Amino acid sequence: MKNSWTGEAVWRSEPAEENLAVAVHRCETGALERLIDRYERALYSYAYGILQNAFDAQEVVQDAMLRAHRALTRQYNEQRCIDLALRPWLFRMTRNLCLNKRRSKTRALEQPLETFDDGRLGPFVRHHGEDAERREDAELLRRAMGALPVEARELIVLRFMEDMSYGEIARTVGATESALRGKVFRSLKLLRDALEKKGVTHAV
Amino acid sequence: MRCRSVLTRIDAMRTGELASTDRDEIHEHIGDCRSCNESVADVDVFAQTIKSLAAAPPRSCRDAVTGKCSDSYARITASGETVWVAFTDRGLRMIHRGGTLEDVRERYANRHARTLTEAKLPEKFRKQVEAALRGEGVDDPQIDWDDDFSGIERDVLKMLTRIPRGEVRTYSWIAQQVGRPGAVRAVGNICARNVVPFVVPCHRVVPASGGVGQYAFGSALKRELLKREGVDVDALEALARKNVRFIGSKTTKIVCFPTCRDARRIREENRVPFQDAAAAEQKGFRPCRKCQPFAARTTSSKSRSSRVSS
């Protein structure tokens, strides 16, 4: 597809191997490894976007991979694997697991501290120069994302990090494309507001 | 056109996901509206910036997941036989003779829907496989009795492990023992498809009509295995030719299968051959409690329907 503004080709994340689902279904050597290598990072970013917690996100991704393997090898026949839209399917599965986890977490009232949950200690040391500035911006962006409602976070991840088409997002979260266009727009607006509150006026 | 309706579609324009009529409309609006025009560049920049937030998990789940989704295999050689052995930590899952690793993987995937990774066969399992290949017999085979065995398949294979080394039973006897006296043919099929041959001794089952019968790896190997275990195959065939199926002892008045360890130690002068159970009972003989020879009585319809508890 082409960018309708510039006419340039749209950058898409590297396409998945064709029939990867079928390869996993047939238990081909290395197929599961390829599936994990291709999707683990993306699913993790997505899960993190929803859960805002590195530990939970990792657990969810692992669970999703195990479930995907089980479904592809045990529950689905070959035809179903051929017809499967793998990426939205994996994201939807991850999404459901995330929402389950969120629900049980909220009930258990064991929400951990938000500041120390992403596996690193954060930018305590100030660097000078452009590099440091960019890092700071990224940190602000991360915080701003954390302040958004879940729905906004997940749409921003799917659309702008994963570069999903509106069609794929529709299959992942279950909404019409035109509704999603409005939602993505509103999410962007929310994020911009959150950033402005933190004093960042550029980048968005 | 209202700005709002344009703004919601700016992002879809970026990836060319809109119809051409929509595109023309929006291009037209952008030409007039400065604030919408600025948003176009904004969204583009944002799409680039946000990618910096894409995070890698602290630790990849790859090893954990593949570990849970695959089992192990090893290659074992003993007594001139080389086999592929697939196993889990619960026990042996498949023994495959001949073929390539790909054949084994395919067969394993068809049965268990899992992949195989090479690993060292635990000492305990290795000893059992080697002993089975050498014809030494395995007392308590470590089989992973997973859910991929069907009910009758599991019953039959477990029953096979209870046939003592150096003895043989008939297909109908096994069928009777697992409580399915009519399923003689099914027992034959299960033995032929035995996924853990050698260790689960399907070679110890022979046709009631005599001879060693067929074997997944050829009758010659079945004969060889039985000989290694100490079965006098030639004598067994000689008896079958004379239509003798049971051997009784004059002194104890007990009747056994010819290969029963108690039958083998009856002195030559005390041996009484029988063709069927009725003839033995008529002469006041009772069936041996160890080899239970009359369990396989399939001649009368009455015994066909009666179930013998195993």
# chains A, B, ... in the order shown; residues from 1 in each chain; ligands from 1
>>> closest_atom_pairs(of="chain B", to="chain A", cutoff="7 Å", atoms="only C-alpha atoms", output="tab-separated table")
residue	atom	partner	partner_atom	distance
B:Thr8	CA	A:Gly182	CA	5.1
B:Arg9	CA	A:Arg181	CA	6.3
B:Met13	CA	A:Ser4	CA	5.2
B:Arg14	CA	A:Asn3	CA	4.8
B:Thr15	CA	A:Asn3	CA	4.9
B:Gly16	CA	A:Asn3	CA	4.9
B:Asp42	CA	A:Val204	CA	5.5
B:Val43	CA	A:Val204	CA	6.9
B:Val45	CA	A:Ala203	CA	6.3
B:Phe46	CA	A:Val204	CA	5.1
B:Ala47	CA	A:Phe160	CA	5.3
B:Thr49	CA	A:Ala203	CA	6.9
B:Ile50	CA	A:Met161	CA	6.6
B:Lys51	CA	A:Met161	CA	5.2
B:Ser52	CA	A:Ala138	CA	6.9
B:Leu53	CA	A:Arg142	CA	6.7
B:Ala54	CA	A:Ser45	CA	5.6
B:Ala55	CA	A:Ser45	CA	5.5
B:Ala56	CA	A:Arg41	CA	5.2
B:Pro57	CA	A:Tyr44	CA	6.1
B:Pro58	CA	A:Gly119	CA	6.9
B:Cys61	CA	A:Gln62	CA	5.6
B:Arg62	CA	A:Ile36	CA	6.3
B:Val65	CA	A:Leu66	CA	6.1
B:Ala109	CA	A:Cys27	CA	5.9
B:Ala113	CA	A:Thr73	CA	5.5
B:Arg114	CA	A:Cys27	CA	6.0
B:Thr115	CA	A:Cys27	CA	5.6
>>> write_last_selection(atoms="C-alpha atoms", output="CSV table (one decimal), in the first residue's frame")
chain,number,residue,atom,x,y,z
B,8,THR,CA,-10.2,10.8,12.1
B,9,ARG,CA,-9.2,9.7,8.7
B,13,MET,CA,-4.5,8.1,4.7
B,14,ARG,CA,-1.0,7.5,6.0
B,15,THR,CA,-1.2,3.9,5.2
B,16,GLY,CA,-3.4,4.2,2.1
B,42,ASP,CA,2.0,15.5,13.4
B,43,VAL,CA,0.6,12.0,13.0
B,45,VAL,CA,6.1,12.2,13.3
B,46,PHE,CA,4.2,10.5,16.1
B,47,ALA,CA,4.1,7.3,14.2
B,49,THR,CA,8.5,8.5,17.7
B,50,ILE,CA,6.2,6.0,19.4
B,51,LYS,CA,8.3,3.1,18.0
B,52,SER,CA,11.0,4.0,20.5
B,53,LEU,CA,8.7,2.6,23.2
B,54,ALA,CA,8.6,-0.9,21.7
B,55,ALA,CA,10.1,-3.0,24.4
B,56,ALA,CA,11.7,-6.3,24.4
B,57,PRO,CA,10.8,-8.7,27.2
B,58,PRO,CA,13.4,-8.8,29.9
B,61,CYS,CA,10.1,-17.1,26.7
B,62,ARG,CA,11.5,-19.1,23.8
B,65,VAL,CA,7.9,-22.5,25.6
B,109,ALA,CA,4.0,-35.4,15.3
B,113,ALA,CA,1.4,-33.2,17.9
B,114,ARG,CA,4.8,-32.3,19.3
B,115,THR,CA,8.3,-31.9,18.1
>>> closest_atom_pairs(of="region 215-283 of chain B", to="region 189-208 of chain B", cutoff="10 Å", atoms="only C-alpha atoms", output="CSV")
residue,atom,partner,partner_atom,distance
B:Tyr215,CA,B:Ala192,CA,6.7
B:Ala216,CA,B:Ala192,CA,5.6
B:Phe217,CA,B:Ala192,CA,9.3
B:Ser219,CA,B:His203,CA,9.3
B:Leu221,CA,B:His203,CA,9.0
B:Lys222,CA,B:His203,CA,5.7
B:Arg223,CA,B:His203,CA,8.4
B:Glu224,CA,B:His203,CA,9.9
B:Leu225,CA,B:His203,CA,7.4
B:Leu226,CA,B:Arg204,CA,7.1
B:Glu229,CA,B:Arg204,CA,9.7
B:Val231,CA,B:Arg204,CA,9.5
B:Ala240,CA,B:Ala208,CA,8.6
B:Asn243,CA,B:Ala208,CA,10.0
B:Arg245,CA,B:Ala208,CA,7.9
>>> closest_residue(among="A:Leu140, A:Leu86, A:Ile50, A:Cys81", to="Cys98 (chain A)", atoms="only C-alpha atoms")
A:Ile50
>>> residues_around(residues="Lys242 (chain B)", least_positions_apart="3", cutoff="12 Å", atoms="only C-alpha atoms", output="PyMOL selection string")
chain B and resi 209-211+235-239+245-246+273-275
>>> write_last_selection(atoms="C-alpha atoms", output="PDB file, in the first residue's frame")
ATOM      1  CA  SER B 209      -3.430 -71.637  14.893  1.00  0.00           C
ATOM      2  CA  GLY B 210       0.312 -72.080  15.567  1.00  0.00           C
ATOM      3  CA  GLY B 211       3.530 -70.612  14.313  1.00  0.00           C
ATOM      4  CA  ALA B 235       9.085 -77.258  19.362  1.00  0.00           C
ATOM      5  CA  LEU B 236       6.165 -74.864  19.546  1.00  0.00           C
ATOM      6  CA  GLU B 237       5.612 -75.141  15.823  1.00  0.00           C
ATOM      7  CA  ALA B 238       5.894 -78.932  15.978  1.00  0.00           C
ATOM      8  CA  LEU B 239       3.129 -78.987  18.618  1.00  0.00           C
ATOM      9  CA  ARG B 245      -2.479 -76.279  22.177  1.00  0.00           C
ATOM     10  CA  PHE B 246      -2.161 -77.213  25.854  1.00  0.00           C
ATOM     11  CA  PRO B 273      -1.093 -83.042  25.119  1.00  0.00           C
ATOM     12  CA  PHE B 274      -4.549 -81.525  24.663  1.00  0.00           C
ATOM     13  CA  GLN B 275      -6.232 -79.999  21.648  1.00  0.00           C
TER      14      GLN B 275
END
>>> residues_around(residues="Cys260 (chain B)", least_positions_apart="2", cutoff="8 Å", atoms="only C-alpha atoms", output="list in words")
Glu167, Val168, Cys256, Phe257, Pro258, Asp262, Ala263, Arg264, Lys290 and Cys291 of chain B
>>> select_by_dssp(residues="region 238-274 of chain B", states="strand (DSSP E or B)", output="mmCIF file with C-alpha atoms, in the first residue's frame")
data_model
loop_
_atom_site.group_PDB
_atom_site.id
_atom_site.type_symbol
_atom_site.label_atom_id
_atom_site.label_comp_id
_atom_site.auth_asym_id
_atom_site.auth_seq_id
_atom_site.Cartn_x
_atom_site.Cartn_y
_atom_site.Cartn_z
ATOM 1 C CA PHE B 246 -2.161 -77.213 25.854
ATOM 2 C CA ILE B 247 0.129 -79.434 27.878
ATOM 3 C CA GLY B 248 -1.077 -81.138 31.052
ATOM 4 C CA SER B 249 0.783 -82.917 33.791
ATOM 5 C CA ILE B 254 -2.926 -79.167 35.809
ATOM 6 C CA VAL B 255 -3.023 -77.969 32.225
ATOM 7 C CA CYS B 256 -0.927 -75.095 30.870
ATOM 8 C CA ARG B 271 3.294 -84.731 29.626
ATOM 9 C CA VAL B 272 -0.252 -85.016 28.291
ATOM 10 C CA PRO B 273 -1.093 -83.042 25.119
ATOM 11 C CA PHE B 274 -4.549 -81.525 24.663
#
>>> atom_distance(atom1="CA of Leu121 (chain B)", atom2="CA of Thr77 (chain B)")
12.1 Å
>>> residues_around(residues="region 30-34 of chain B", least_positions_apart="5", cutoff="10 Å", atoms="only C-alpha atoms", output="ChimeraX atom specification")
/B:3,6-7,10,24-25,39-40
>>> write_last_selection(atoms="C-alpha atoms", output="short mmCIF file (atom, residue, chain, number, x, y, z; two decimals), in the first residue's frame")
data_model
loop_
_atom_site.label_atom_id
_atom_site.label_comp_id
_atom_site.auth_asym_id
_atom_site.auth_seq_id
_atom_site.Cartn_x
_atom_site.Cartn_y
_atom_site.Cartn_z
CA CYS B 3 -12.63 19.03 10.40
CA VAL B 6 -11.20 14.55 8.28
CA LEU B 7 -9.02 14.27 11.36
CA ILE B 10 -5.76 11.32 8.50
CA ASP B 24 -10.03 13.30 -2.85
CA GLU B 25 -12.39 14.76 -0.27
CA SER B 39 -2.06 17.42 11.90
CA VAL B 40 -0.98 15.39 8.88
#
>>> atom_distance(atom1="CA of Ala220 (chain B)", atom2="CA of Ile76 (chain B)")
21.2 Å
>>> residues_around(residues="Leu92 (chain B)", least_positions_apart="3", cutoff="7 Å", atoms="only C-alpha atoms", output="number ranges by chain")
B: 86-88, 142-144
>>> write_last_selection(atoms="C-alpha atoms", output="PDB file, in the first residue's frame")
ATOM      1  CA  ALA B  86      11.287 -40.841  22.060  1.00  0.00           C
ATOM      2  CA  PHE B  87      10.674 -40.123  25.720  1.00  0.00           C
ATOM      3  CA  THR B  88       9.518 -37.652  28.330  1.00  0.00           C
ATOM      4  CA  GLN B 142       8.778 -47.244  32.102  1.00  0.00           C
ATOM      5  CA  ILE B 143       6.164 -46.205  29.565  1.00  0.00           C
ATOM      6  CA  ASP B 144       4.580 -42.767  29.545  1.00  0.00           C
TER       7      ASP B 144
END
>>> atom_distance(atom1="CA of Ser172 (chain B)", atom2="CA of Val184 (chain B)")
5.1 Å
>>> select_by_dssp(residues="region 5-118 of chain A", states="helix (DSSP H, G or I)", output="NGL selection string")
:A and (20-25 or 31-51 or 54-75 or 78-83 or 86-108)
>>> closest_residue(among="A:Leu97, A:Asn19, A:Gly174, A:Asn53", to="Ile82 (chain A)", atoms="only C-alpha atoms")
A:Asn19
